[in-house]
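Asks: Dropping in model-v5.pdb, with PDB, C-alpha atoms.
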ATOM      1  CA  MET A 233     -24.232  -6.524 -11.938
ATOM      2  CA  ALA A 234     -26.868  -9.201 -11.374
ATOM      3  CA  ASP A 235     -29.853  -8.401  -9.175
ATOM      4  CA  PRO A 236     -29.137 -10.321  -5.933
ATOM      5  CA  SER A 237     -32.820 -10.439  -4.865
ATOM      6  CA  PRO A 238     -34.179 -13.970  -4.181
ATOM      7  CA  GLU A 239     -36.490 -14.149  -7.181
ATOM      8  CA  SER A 240     -33.659 -13.434  -9.626
ATOM      9  CA  ARG A 241     -30.650 -15.266  -8.198
ATOM     10  CA  THR A 242     -29.364 -18.787  -8.250
ATOM     11  CA  PRO A 243     -27.392 -20.113  -5.233
ATOM     12  CA  ARG A 244     -24.091 -18.241  -5.038
ATOM     13  CA  ASP A 245     -21.201 -17.722  -2.680
ATOM     14  CA  PRO A 246     -22.313 -15.562   0.307
ATOM     15  CA  VAL A 247     -19.385 -13.170  -0.152
ATOM     16  CA  ALA A 248     -20.298 -12.594  -3.808
ATOM     17  CA  GLU A 249     -23.937 -11.975  -2.852
ATOM     18  CA  ALA A 250     -22.836  -9.638  -0.059
ATOM     19  CA  ALA A 251     -20.730  -7.666  -2.548
ATOM     20  CA  ASP A 252     -23.772  -7.258  -4.829
ATOM     21  CA  TRP A 253     -25.959  -6.057  -1.977
ATOM     22  CA  PHE A 254     -23.233  -3.689  -0.791
ATOM     23  CA  ALA A 255     -22.854  -2.213  -4.285
ATOM     24  CA  LEU A 256     -26.612  -1.568  -4.473
ATOM     25  CA  HIS A 257     -26.574   0.097  -1.060
ATOM     26  CA  ASP A 258     -23.549   2.195  -1.937
ATOM     27  CA  ALA A 259     -25.177   3.359  -5.174
ATOM     28  CA  GLY A 260     -28.391   4.201  -3.323
ATOM     29  CA  THR A 261     -30.496   2.342  -5.904
ATOM     30  CA  LEU A 262     -32.385  -0.141  -3.704
ATOM     31  CA  THR A 263     -36.148  -0.181  -4.279
ATOM     32  CA  PRO A 264     -38.443  -0.828  -1.288
ATOM     33  CA  GLU A 265     -38.910  -4.390  -2.565
ATOM     34  CA  GLN A 266     -35.159  -4.902  -2.788
ATOM     35  CA  GLN A 267     -34.700  -3.506   0.717
ATOM     36  CA  LEU A 268     -37.118  -6.113   2.023
ATOM     37  CA  ALA A 269     -35.308  -8.781   0.018
ATOM     38  CA  PHE A 270     -32.003  -7.626   1.506
ATOM     39  CA  GLN A 271     -33.352  -7.920   5.044
ATOM     40  CA  SER A 272     -34.684 -11.372   4.186
ATOM     41  CA  TRP A 273     -31.286 -12.392   2.820
ATOM     42  CA  LEU A 274     -29.573 -11.210   5.999
ATOM     43  CA  SER A 275     -31.992 -13.233   8.122
ATOM     44  CA  GLU A 276     -31.389 -16.410   6.102
ATOM     45  CA  SER A 277     -28.126 -17.274   7.837
ATOM     46  CA  ALA A 278     -25.324 -16.068  10.065
ATOM     47  CA  GLU A 279     -22.994 -16.762   7.133
ATOM     48  CA  ASN A 280     -24.785 -14.102   5.066
ATOM     49  CA  ARG A 281     -24.593 -11.593   7.891
ATOM     50  CA  ASP A 282     -20.895 -12.295   8.473
ATOM     51  CA  ALA A 283     -20.149 -11.952   4.758
ATOM     52  CA  TYR A 284     -21.887  -8.568   4.567
ATOM     53  CA  ALA A 285     -20.068  -7.328   7.688
ATOM     54  CA  GLN A 286     -16.757  -8.412   6.177
ATOM     55  CA  ILE A 287     -17.492  -6.549   2.946
ATOM     56  CA  GLU A 288     -18.373  -3.419   4.911
ATOM     57  CA  GLY A 289     -15.192  -3.715   6.962
ATOM     58  CA  ALA A 290     -13.009  -4.214   3.904
ATOM     59  CA  TRP A 291     -14.518  -1.205   2.169
ATOM     60  CA  ALA A 292     -14.128   0.954   5.265
ATOM     61  CA  ALA A 293     -10.432   0.038   5.435
ATOM     62  CA  PHE A 294     -10.015   0.959   1.772
ATOM     63  CA  ASP A 295     -11.851   4.271   2.091
ATOM     64  CA  GLU A 296      -9.644   5.661   4.854
ATOM     65  CA  VAL A 297     -10.973   9.214   4.830
ATOM     66  CA  ARG A 298     -14.751   8.813   4.879
ATOM     67  CA  ALA A 299     -17.165  11.675   4.312
ATOM     68  CA  ASP A 300     -18.236  11.077   7.924
ATOM     69  CA  ASP A 301     -14.784  12.264   8.958
ATOM     70  CA  VAL A 302     -14.770  15.311   6.701
ATOM     71  CA  PRO A 303     -18.205  16.958   6.823
ATOM     72  CA  ALA A 304     -17.151  20.151   5.027
ATOM     73  CA  GLY A 305     -16.668  20.682   1.305
ATOM     74  CA  GLY A 306     -18.885  19.122  -1.364
ATOM     75  CA  SER A 307     -22.090  17.152  -1.000
ATOM     76  CA  PRO A 308     -22.336  14.810   1.964
ATOM     77  CA  SER A 309     -22.387  11.073   1.303
ATOM     78  CA  ARG A 310     -25.575   9.074   1.785
ATOM     79  CA  PRO A 311     -24.828   8.053   5.390
ATOM     80  CA  MET A 312     -24.460  11.754   6.225
ATOM     81  CA  ARG A 313     -27.535  13.197   4.538
ATOM     82  CA  GLY A 314     -29.846  12.885   7.537
ATOM     83  CA  ARG A 315     -27.347  14.392   9.950
ATOM     84  CA  ALA A 316     -26.383  17.080   7.450
ATOM     85  CA  ALA A 317     -30.004  18.124   7.051
ATOM     86  CA  GLN A 318     -30.382  18.387  10.834
ATOM     87  CA  ARG A 319     -27.275  20.560  11.009
ATOM     88  CA  ALA A 320     -28.499  22.779   8.205
ATOM     89  CA  SER A 321     -31.708  23.478  10.109
ATOM     90  CA  ALA A 322     -29.829  24.540  13.237
ATOM     91  CA  PRO A 323     -29.485  28.306  13.520
ATOM     92  CA  SER A 324     -26.140  28.217  15.307
ATOM     93  CA  ARG A 325     -23.415  29.744  13.116
ATOM     94  CA  ARG A 326     -20.917  29.045  15.859
ATOM     95  CA  ARG A 327     -21.590  25.310  15.604
ATOM     96  CA  LEU A 328     -21.164  25.454  11.836
ATOM     97  CA  GLY A 329     -17.879  27.269  12.296
ATOM     98  CA  VAL A 330     -16.652  24.661  14.771
ATOM     99  CA  LEU A 331     -17.594  21.859  12.372
ATOM    100  CA  THR A 332     -15.829  23.581   9.492
ATOM    101  CA  LEU A 333     -12.713  24.108  11.603
ATOM    102  CA  ALA A 334     -12.769  20.483  12.749
ATOM    103  CA  ALA A 335     -13.094  19.290   9.160
ATOM    104  CA  SER A 336     -10.200  21.499   8.107
ATOM    105  CA  LEU A 337      -8.027  20.082  10.878
ATOM    106  CA  VAL A 338      -8.872  16.522   9.838
ATOM    107  CA  VAL A 339      -7.963  17.253   6.225
ATOM    108  CA  LEU A 340      -4.767  19.002   7.314
ATOM    109  CA  ALA A 341      -3.748  16.094   9.541
ATOM    110  CA  VAL A 342      -4.247  13.672   6.665
ATOM    111  CA  LEU A 343      -2.610  15.723   3.940
ATOM    112  CA  ALA A 344       0.149  17.629   5.767
ATOM    113  CA  PRO A 345       2.738  14.799   5.833
ATOM    114  CA  GLU A 346       2.205  14.117   2.127
ATOM    115  CA  LEU A 347       2.427  17.833   1.265
ATOM    116  CA  MET A 348       5.616  18.252   3.294
ATOM    117  CA  MET A 349       7.169  15.242   1.571
ATOM    118  CA  ARG A 350       6.239  16.595  -1.860
ATOM    119  CA  LEU A 351       7.900  19.891  -0.994
ATOM    120  CA  GLN A 352      11.108  18.069  -0.057
ATOM    121  CA  ALA A 353      11.165  15.586  -2.934
ATOM    122  CA  ASP A 354      13.189  16.096  -6.102
ATOM    123  CA  ALA A 355      11.698  13.030  -7.796
ATOM    124  CA  MET A 356       8.648  10.836  -7.176
ATOM    125  CA  THR A 357       6.840   7.894  -8.731
ATOM    126  CA  ALA A 358       3.139   7.114  -8.713
ATOM    127  CA  VAL A 359       1.558   3.869  -7.536
ATOM    128  CA  GLY A 360       2.533   1.154 -10.014
ATOM    129  CA  GLU A 361       5.266   3.239 -11.664
ATOM    130  CA  VAL A 362       8.949   2.192 -11.830
ATOM    131  CA  ARG A 363      11.329   4.797 -13.274
ATOM    132  CA  GLU A 364      15.047   5.210 -13.950
ATOM    133  CA  LEU A 365      16.482   8.572 -12.935
ATOM    134  CA  PRO A 366      20.010   9.654 -13.978
ATOM    135  CA  LEU A 367      21.694  11.657 -11.218
ATOM    136  CA  PRO A 368      23.931  14.724 -11.744
ATOM    137  CA  ASP A 369      27.166  12.831 -11.009
ATOM    138  CA  GLY A 370      26.525  10.026 -13.505
ATOM    139  CA  SER A 371      24.993   7.700 -10.926
ATOM    140  CA  LEU A 372      21.600   6.104 -11.543
ATOM    141  CA  ALA A 373      18.596   5.826  -9.262
ATOM    142  CA  VAL A 374      15.771   3.406 -10.052
ATOM    143  CA  LEU A 375      12.616   4.421  -8.207
ATOM    144  CA  ASP A 376      10.114   1.720  -7.290
ATOM    145  CA  THR A 377       6.361   2.273  -6.976
ATOM    146  CA  ASN A 378       5.164   5.168  -4.782
ATOM    147  CA  THR A 379       8.699   6.325  -4.001
ATOM    148  CA  ALA A 380      10.153   9.763  -3.319
ATOM    149  CA  ILE A 381      13.769  10.931  -3.000
ATOM    150  CA  ALA A 382      15.555  14.209  -2.275
ATOM    151  CA  ILE A 383      18.997  14.845  -3.799
ATOM    152  CA  ASP A 384      21.718  16.832  -2.033
ATOM    153  CA  PHE A 385      25.037  16.765  -3.929
ATOM    154  CA  ARG A 386      27.846  18.961  -2.604
ATOM    155  CA  GLN A 387      31.551  19.466  -3.258
ATOM    156  CA  ASP A 388      32.609  16.976  -0.569
ATOM    157  CA  ASP A 389      29.794  14.410  -0.608
ATOM    158  CA  ARG A 390      26.728  13.099  -2.435
ATOM    159  CA  ARG A 391      23.592  12.404  -0.428
ATOM    160  CA  VAL A 392      20.197  11.076  -1.379
ATOM    161  CA  ALA A 393      17.352  10.962   1.154
ATOM    162  CA  LEU A 394      14.816   8.197   0.628
ATOM    163  CA  LEU A 395      11.605   9.868   1.789
ATOM    164  CA  LYS A 396       9.372   6.869   1.112
ATOM    165  CA  GLY A 397       9.279   3.653  -0.881
ATOM    166  CA  ARG A 398      12.275   1.849  -2.357
ATOM    167  CA  ALA A 399      15.060   2.768  -4.758
ATOM    168  CA  GLU A 400      18.080   1.034  -6.222
ATOM    169  CA  PHE A 401      21.275   2.995  -6.804
ATOM    170  CA  VAL A 402      24.160   2.454  -9.202
ATOM    171  CA  ALA A 403      26.782   4.710  -7.651
ATOM    172  CA  ALA A 404      29.340   6.340  -9.938
ATOM    173  CA  ALA A 405      32.901   6.104  -8.632
ATOM    174  CA  ASP A 406      34.252   9.281  -7.016
ATOM    175  CA  ALA A 407      36.889   8.810  -4.321
ATOM    176  CA  ASP A 408      36.590  12.428  -3.159
ATOM    177  CA  ARG A 409      32.814  12.442  -2.709
ATOM    178  CA  PRO A 410      31.174   9.530  -0.878
ATOM    179  CA  PHE A 411      27.732   8.438  -2.115
ATOM    180  CA  SER A 412      25.252   7.903   0.743
ATOM    181  CA  VAL A 413      21.551   7.170   1.056
ATOM    182  CA  LEU A 414      19.763   8.348   4.198
ATOM    183  CA  ALA A 415      16.544   6.628   5.339
ATOM    184  CA  GLU A 416      14.730   6.492   8.691
ATOM    185  CA  GLY A 417      17.732   7.516  10.785
ATOM    186  CA  GLY A 418      20.278   5.306   9.047
ATOM    187  CA  THR A 419      22.952   5.891   6.399
ATOM    188  CA  ALA A 420      24.135   3.508   3.682
ATOM    189  CA  THR A 421      27.422   4.589   2.103
ATOM    190  CA  ALA A 422      28.493   2.986  -1.168
ATOM    191  CA  LEU A 423      31.982   1.615  -1.603
ATOM    192  CA  GLY A 424      31.668   1.406  -5.414
ATOM    193  CA  THR A 425      28.486  -0.589  -5.744
ATOM    194  CA  VAL A 426      24.878  -1.337  -6.721
ATOM    195  CA  PHE A 427      22.471  -1.434  -3.791
ATOM    196  CA  ALA A 428      18.844  -0.848  -2.864
ATOM    197  CA  VAL A 429      17.298   0.854   0.155
ATOM    198  CA  ARG A 430      13.684   0.354   1.202
ATOM    199  CA  ASN A 431      11.630   1.982   3.939
ATOM    200  CA  VAL A 432      10.158  -0.737   6.171
ATOM    201  CA  GLY A 433       7.880   0.537   8.929
ATOM    202  CA  GLN A 434       9.958   2.648  11.315
ATOM    203  CA  GLY A 435      13.224   1.530   9.748
ATOM    204  CA  ALA A 436      14.811   0.460   6.494
ATOM    205  CA  ARG A 437      16.414  -2.462   4.671
ATOM    206  CA  VAL A 438      19.641  -2.219   2.669
ATOM    207  CA  MET A 439      20.297  -4.923   0.052
ATOM    208  CA  VAL A 440      23.522  -5.088  -1.970
ATOM    209  CA  THR A 441      23.714  -6.484  -5.509
ATOM    210  CA  GLU A 442      27.317  -5.586  -6.341
ATOM    211  CA  GLY A 443      30.282  -4.369  -4.300
ATOM    212  CA  ARG A 444      30.038  -3.324  -0.652
ATOM    213  CA  VAL A 445      28.029  -0.871   1.458
ATOM    214  CA  SER A 446      28.727   0.516   4.908
ATOM    215  CA  VAL A 447      25.493   0.815   6.913
ATOM    216  CA  VAL A 448      25.279   2.862  10.116
ATOM    217  CA  TYR A 449      22.175   3.472  12.223
ATOM    218  CA  GLY A 450      22.144   6.486  14.546
ATOM    219  CA  ASP A 451      23.923   9.835  14.819
ATOM    220  CA  SER A 452      26.728   9.179  17.273
ATOM    221  CA  ARG A 453      30.271   8.337  16.238
ATOM    222  CA  SER A 454      30.002   5.153  18.264
ATOM    223  CA  ALA A 455      26.963   3.914  16.296
ATOM    224  CA  PRO A 456      27.512   0.308  15.185
ATOM    225  CA  GLU A 457      28.477  -0.268  11.550
ATOM    226  CA  ARG A 458      27.641  -3.217   9.314
ATOM    227  CA  LEU A 459      29.602  -3.991   6.168
ATOM    228  CA  VAL A 460      27.195  -5.509   3.640
ATOM    229  CA  THR A 461      28.501  -7.246   0.525
ATOM    230  CA  ALA A 462      26.877  -8.593  -2.658
ATOM    231  CA  GLY A 463      24.061 -11.021  -1.937
ATOM    232  CA  GLN A 464      23.515  -9.694   1.585
ATOM    233  CA  SER A 465      21.120  -7.354   3.364
ATOM    234  CA  VAL A 466      20.704  -5.706   6.742
ATOM    235  CA  ASP A 467      17.715  -4.158   8.523
ATOM    236  CA  TYR A 468      17.539  -1.418  11.127
ATOM    237  CA  THR A 469      14.517  -0.191  13.074
ATOM    238  CA  ALA A 470      13.719   2.312  15.771
ATOM    239  CA  GLY A 471      13.934   0.667  19.177
ATOM    240  CA  GLN A 472      15.791  -2.426  17.958
ATOM    241  CA  GLY A 473      18.728  -0.737  16.264
ATOM    242  CA  ILE A 474      20.685  -2.368  13.466
ATOM    243  CA  GLY A 475      20.389  -6.109  12.900
ATOM    244  CA  GLU A 476      22.824  -8.729  11.731
ATOM    245  CA  VAL A 477      23.796  -9.144   8.078
ATOM    246  CA  ALA A 478      21.752 -11.825   6.291
ATOM    247  CA  SER A 479      22.020 -13.603   2.942
ATOM    248  CA  VAL A 480      19.479 -12.811   0.195
ATOM    249  CA  ASP A 481      18.820 -13.924  -3.351
ATOM    250  CA  PRO A 482      19.837 -10.788  -5.295
ATOM    251  CA  PHE A 483      18.002 -11.918  -8.434
ATOM    252  CA  ALA A 484      14.687 -12.291  -6.618
ATOM    253  CA  ALA A 485      15.233  -9.191  -4.499
ATOM    254  CA  SER A 486      15.827  -6.948  -7.536
ATOM    255  CA  ALA A 487      13.260  -8.556  -9.861
ATOM    256  CA  TRP A 488      10.965  -5.541  -9.382
ATOM    257  CA  ARG A 489      13.386  -3.554 -11.560
ATOM    258  CA  HIS A 490      12.370  -5.788 -14.455
ATOM    259  CA  GLY A 491       8.641  -5.734 -13.812
ATOM    260  CA  ARG A 492       8.396  -8.974 -11.830
ATOM    261  CA  LEU A 493       7.916 -10.068  -8.242
ATOM    262  CA  ILE A 494       9.432 -13.403  -7.199
ATOM    263  CA  PHE A 495       8.342 -15.284  -4.087
ATOM    264  CA  GLU A 496       9.532 -18.574  -2.648
ATOM    265  CA  ASN A 497       7.560 -20.155   0.192
ATOM    266  CA  ARG A 498       6.175 -16.826   1.333
ATOM    267  CA  PRO A 499       2.838 -16.558   3.203
ATOM    268  CA  LEU A 500       0.038 -15.320   0.971
ATOM    269  CA  ALA A 501      -0.508 -12.374   3.341
ATOM    270  CA  GLN A 502       3.025 -11.134   2.602
ATOM    271  CA  VAL A 503       2.553 -11.653  -1.144
ATOM    272  CA  ILE A 504      -0.678  -9.628  -1.083
ATOM    273  CA  GLU A 505       0.996  -6.908   0.983
ATOM    274  CA  GLU A 506       3.630  -6.592  -1.743
ATOM    275  CA  LEU A 507       1.085  -6.636  -4.592
ATOM    276  CA  ASN A 508      -0.873  -3.881  -2.858
ATOM    277  CA  ARG A 509       2.103  -1.559  -3.265
ATOM    278  CA  TYR A 510       1.557  -1.661  -7.040
ATOM    279  CA  HIS A 511      -2.254  -1.643  -7.062
ATOM    280  CA  LEU A 512      -4.288   1.577  -7.152
ATOM    281  CA  GLY A 513      -6.839   0.164  -4.750
ATOM    282  CA  THR A 514      -6.655  -2.581  -2.164
ATOM    283  CA  ILE A 515      -6.533  -6.372  -2.083
ATOM    284  CA  ARG A 516      -7.652  -7.907   1.202
ATOM    285  CA  ILE A 517      -7.816 -11.387   2.702
ATOM    286  CA  LEU A 518     -10.878 -12.248   4.790
ATOM    287  CA  ASP A 519      -9.666 -15.546   6.247
ATOM    288  CA  ALA A 520      -6.432 -15.490   8.265
ATOM    289  CA  ALA A 521      -5.900 -19.180   7.477
ATOM    290  CA  ILE A 522      -5.725 -18.348   3.764
ATOM    291  CA  GLY A 523      -3.144 -15.662   4.502
ATOM    292  CA  ARG A 524      -0.838 -18.269   6.047
ATOM    293  CA  ARG A 525      -0.763 -20.486   2.960
ATOM    294  CA  LEU A 526       2.661 -20.554   1.302
ATOM    295  CA  VAL A 527       3.200 -19.179  -2.190
ATOM    296  CA  SER A 528       6.016 -19.670  -4.692
ATOM    297  CA  GLY A 529       6.004 -18.078  -8.109
ATOM    298  CA  THR A 530       6.742 -15.120 -10.361
ATOM    299  CA  PHE A 531       4.109 -12.435 -10.880
ATOM    300  CA  PRO A 532       3.830  -9.278 -13.039
ATOM    301  CA  LEU A 533       3.968  -6.226 -10.793
ATOM    302  CA  ARG A 534       2.419  -3.874 -13.362
ATOM    303  CA  GLU A 535      -0.726  -6.032 -13.496
ATOM    304  CA  PRO A 536      -1.431  -7.022  -9.890
ATOM    305  CA  LEU A 537      -4.934  -8.280 -10.732
ATOM    306  CA  ARG A 538      -3.394 -10.813 -13.118
ATOM    307  CA  ALA A 539      -1.314 -11.973 -10.186
ATOM    308  CA  VAL A 540      -4.522 -12.345  -8.154
ATOM    309  CA  ASP A 541      -5.983 -14.478 -10.972
ATOM    310  CA  ALA A 542      -2.916 -16.726 -10.853
ATOM    311  CA  LEU A 543      -3.102 -17.020  -7.067
ATOM    312  CA  GLU A 544      -6.772 -17.990  -7.242
ATOM    313  CA  ALA A 545      -6.015 -20.742  -9.757
ATOM    314  CA  SER A 546      -2.970 -22.129  -7.943
ATOM    315  CA  LEU A 547      -4.369 -21.997  -4.389
ATOM    316  CA  GLY A 548      -7.986 -22.860  -5.185
ATOM    317  CA  ILE A 549      -9.344 -19.690  -3.563
ATOM    318  CA  LYS A 550     -11.920 -17.162  -4.740
ATOM    319  CA  SER A 551     -12.057 -13.407  -5.125
ATOM    320  CA  THR A 552     -14.939 -10.969  -4.929
ATOM    321  CA  ARG A 553     -14.342  -7.634  -6.621
ATOM    322  CA  ILE A 554     -16.036  -4.272  -6.366
ATOM    323  CA  GLY A 555     -14.704  -2.750  -9.560
ATOM    324  CA  ASP A 556     -10.936  -3.045  -9.795
ATOM    325  CA  PHE A 557     -10.370  -1.087  -6.609
ATOM    326  CA  LEU A 558     -11.494  -3.505  -3.901
ATOM    327  CA  VAL A 559     -10.559  -7.183  -4.254
ATOM    328  CA  ILE A 560     -11.470  -9.582  -1.442
ATOM    329  CA  LEU A 561      -9.865 -13.032  -1.284
ATOM    330  CA  HIS A 562     -11.751 -15.802   0.483
ATOM    331  CA  SER A 563     -12.283 -19.571   0.485
TER     332      SER A 563
END
Just give me the structure of the file as structure tokens.

Replies:
Amino acid sequence: MADPSPESRTPRDPVAEAADWFALHDAGTLTPEQQLAFQSWLSESAENRDAYAQIEGAWAAFDEVRADDVPAGGSPSRPMRGRAAQRASAPSRRRLGVLTLAASLVVLAVLAPELMMRLQADAMTAVGEVRELPLPDGSLAVLDTNTAIAIDFRQDDRRVALLKGRAEFVAAADADRPFSVLAEGGTATALGTVFAVRNVGQGARVMVTEGRVSVVYGDSRSAPERLVTAGQSVDYTAGQGIGEVASVDPFAASAWRHGRLIFENRPLAQVIEELNRYHLGTIRILDAAIGRRLVSGTFPLREPLRAVDALEASLGIKSTRIGDFLVILHS
């Protein structure tokens, strides 16, 4: 990485300079001279200060569980060292015990849902992984990135719970045992078909490629039913219930199965949200106006940073990257 100090740099984009300064701070390698140069750079313009604040905010959003939130276990991060030293000098064992308990509760709150899901799941995929999974009855499940399912096949029915993510199902015919997928309080029952179910916020989306699917949201016998056929989808959410059936492009909607993502006149913010599902890190947009720009194209889902390269070229925008994990898009 180039030294961003004034005597060594040529004029550059403020966001790129801010990323360099942030990386030096994060590594803890600033010399006293560089610290003075950093303060001078900040004082040069409000644009520099805004760029550095945006970099800090983007990194904080990426690093969701900071060492500041979990003070126990391992060495404290640089921002904690002063406070940690003060704590270490305090003679109160009770305070240390309270801090340790608080840290344990924070870790538990963060990890408990994921641990519970892993205990329930029969199959999972990692971020960026897409995998075909044959089911015991001859059906096929295709698991998208960061997806988990639980399988419950009985003598009178076949049920799959989508715990998170998205999966497509090719249901084997069996008139005596219905094939259903349960997700977020709704049930999609195949009527000899190929269909996908995706968790969306507090609800789910069912999209049919072949055949028909009966979709019901809620537990009661009077819950409304939607019959969804090939080339159609339906959403349901908590609070709003089940929506109306809508037309979709089945080729574009199932392109992820073949390693591609297809968008037509979609806002860049939505495209980046989708790419983030396949990226082991985060891609963020600093300028809301950029996020509203419309995108059409086909992108490789297994190489989301190549997609970012293509978006930069086609939209005339820039990216600043801290490694491959944090990518910031800006004008």

Asks: Decode the PyMOL selection byres ((chain A and resi 271-280) around 8) for the given file into explicit residues and return them as a ChimeraX atom specification.

Replies: /A:238,246-247,250,267-270,281-284

Asks: So, counting all atoms listed in the file, which residue among A:Val359, A:Ala405, A:Leu351, A:Leu543 is closest to Ala382 (chain A)?

Replies: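 Residue with the minimum atom-to-atom distance to Ala382 (chain A): A:Leu351.
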
Asks: To test the calculation: enclose all listed atoms of region 398-404 of chain A in a box whose edges run along x, y and z, add 5 Å on each side, then state centre and edge lengths in Å to one decimal, as JSON.

Replies:
{"center_x": 20.8, "center_y": 3.7, "center_z": -6.1, "size_x": 27.1, "size_y": 15.3, "size_z": 17.6}

Asks: Please provide as a PyMOL selection string all residues within 9 Å of region 460-471 of chain A, with the sequence filter that same-chain residues fewer than 4 positions apart are discarded (counting only C-alpha atoms).

Replies: chain A and resi 416-418+425-427+432-449+475-483

Asks: As an exercise, work out the distance from CA of Phe495 (chain A) to CA of Ser528 (chain A) in Å and give it to one decimal place.

Replies: 5.0 Å

Asks: To one decimal in Å, tell me the separation between CA of Pro368 (chain A) and CA of Ala415 (chain A).

Replies: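 Here the two named atoms are 20.3 Å from each other.
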
Asks: What is the distance, in Å and to one decimal place, between CA of Ala521 (chain A) and CA of Leu561 (chain A)?

Replies: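 According to the coordinates, CA of Ala521 (chain A) and CA of Leu561 (chain A) are separated by 11.4 Å.
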
Asks: Kindly indicate which residue among A:Asp406, A:Ser551, A:Ala487, A:Glu265 lies nearest to Leu518 (chain A), using all atoms listed in the file for the distances.

Replies: A:Ser551

Asks: I'd like to know which of A:Gly548, A:Pro532, A:Gly424, A:Gly397 is closest to Ala358 (chain A), using all atoms listed in the file.

Replies: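 Smallest separation from Ala358 (chain A) among the options: A:Gly397.
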
Asks: Of the candidates A:Gly473, A:Pro366, A:Pro456, A:Gly491, which one gets nearest to Leu533 (chain A) if we count only C-alpha atoms?

Replies: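 Counting only C-alpha atoms, the residue closest to Leu533 (chain A) is A:Gly491.
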
Asks: List as a ChimeraX atom specification the protein and nucleic acid residues near Leu547 (chain A), meaning an atom at most 10 Å away when all atoms listed in the file are counted, but skip any in the same chain fewer than 3 places from it.

Replies: /A:500,522,525-527,542-544,550,563

Asks: Give me, as a ChimeraX atom specification, all polymer residues having an atom no more than 7 Å from Ile517 (chain A), counting all atoms listed in the file and skipping those fewer than 4 positions away in the same chain.

Replies: /A:523,560-562

Asks: Once the PyMOL selection byres ((chain A and resi 372) around 9) has been applied to the shown file, what residues remain in the selection, as a list of chain:residue names?

Replies: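 Listing what the PyMOL selection byres ((chain A and resi 372) around 9) selects in the shown file: A:Glu364, A:Leu365, A:Pro366, A:Leu367, A:Pro368, A:Asp369, A:Gly370, A:Ser371, A:Ala373, A:Val374, A:Glu400, A:Phe401, A:Val402, A:Ala403, A:Ala404.
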
Asks: Apply the PyMOL selection byres ((chain A and resi 391) around 6) to the displayed file and report the matching residues as number ranges by chain.

Replies: A: 384-385, 390, 392, 411-413

Asks: Write a file for region 363-376 of chain A, containing N, CA and C atoms (output as a PDB file, in the first residue's frame).

Replies:
ATOM      1  N   ARG A 363     -25.012 -26.153  -4.071  1.00  0.00           N
ATOM      2  CA  ARG A 363     -24.820 -27.606  -4.047  1.00  0.00           C
ATOM      3  C   ARG A 363     -26.115 -28.347  -4.325  1.00  0.00           C
ATOM      4  N   GLU A 364     -26.018 -29.420  -5.114  1.00  0.00           N
ATOM      5  CA  GLU A 364     -27.155 -30.308  -5.353  1.00  0.00           C
ATOM      6  C   GLU A 364     -27.184 -31.394  -4.287  1.00  0.00           C
ATOM      7  N   LEU A 365     -28.377 -31.659  -3.767  1.00  0.00           N
ATOM      8  CA  LEU A 365     -28.526 -32.641  -2.696  1.00  0.00           C
ATOM      9  C   LEU A 365     -29.658 -33.609  -3.041  1.00  0.00           C
ATOM     10  N   PRO A 366     -29.347 -34.858  -3.400  1.00  0.00           N
ATOM     11  CA  PRO A 366     -30.407 -35.855  -3.613  1.00  0.00           C
ATOM     12  C   PRO A 366     -31.124 -36.144  -2.297  1.00  0.00           C
ATOM     13  N   LEU A 367     -32.444 -36.233  -2.349  1.00  0.00           N
ATOM     14  CA  LEU A 367     -33.241 -36.524  -1.165  1.00  0.00           C
ATOM     15  C   LEU A 367     -33.636 -37.994  -1.138  1.00  0.00           C
ATOM     16  N   PRO A 368     -34.017 -38.527   0.032  1.00  0.00           N
ATOM     17  CA  PRO A 368     -34.259 -39.968   0.170  1.00  0.00           C
ATOM     18  C   PRO A 368     -35.327 -40.539  -0.743  1.00  0.00           C
ATOM     19  N   ASP A 369     -36.277 -39.697  -1.194  1.00  0.00           N
ATOM     20  CA  ASP A 369     -37.389 -40.191  -2.008  1.00  0.00           C
ATOM     21  C   ASP A 369     -37.109 -40.092  -3.501  1.00  0.00           C
ATOM     22  N   GLY A 370     -35.908 -39.662  -3.883  1.00  0.00           N
ATOM     23  CA  GLY A 370     -35.603 -39.460  -5.292  1.00  0.00           C
ATOM     24  C   GLY A 370     -35.783 -38.028  -5.754  1.00  0.00           C
ATOM     25  N   SER A 371     -36.277 -37.162  -4.883  1.00  0.00           N
ATOM     26  CA  SER A 371     -36.359 -35.741  -5.202  1.00  0.00           C
ATOM     27  C   SER A 371     -34.954 -35.132  -5.156  1.00  0.00           C
ATOM     28  N   LEU A 372     -34.853 -33.891  -5.605  1.00  0.00           N
ATOM     29  CA  LEU A 372     -33.568 -33.195  -5.612  1.00  0.00           C
ATOM     30  C   LEU A 372     -33.751 -31.811  -5.015  1.00  0.00           C
ATOM     31  N   ALA A 373     -32.834 -31.456  -4.129  1.00  0.00           N
ATOM     32  CA  ALA A 373     -32.794 -30.093  -3.590  1.00  0.00           C
ATOM     33  C   ALA A 373     -31.495 -29.443  -4.052  1.00  0.00           C
ATOM     34  N   VAL A 374     -31.593 -28.212  -4.549  1.00  0.00           N
ATOM     35  CA  VAL A 374     -30.411 -27.447  -4.923  1.00  0.00           C
ATOM     36  C   VAL A 374     -30.306 -26.286  -3.951  1.00  0.00           C
ATOM     37  N   LEU A 375     -29.261 -26.303  -3.128  1.00  0.00           N
ATOM     38  CA  LEU A 375     -29.100 -25.305  -2.081  1.00  0.00           C
ATOM     39  C   LEU A 375     -28.259 -24.139  -2.597  1.00  0.00           C
ATOM     40  N   ASP A 376     -28.806 -22.942  -2.459  1.00  0.00           N
ATOM     41  CA  ASP A 376     -28.092 -21.726  -2.835  1.00  0.00           C
ATOM     42  C   ASP A 376     -27.086 -21.373  -1.735  1.00  0.00           C
TER      43      ASP A 376
END
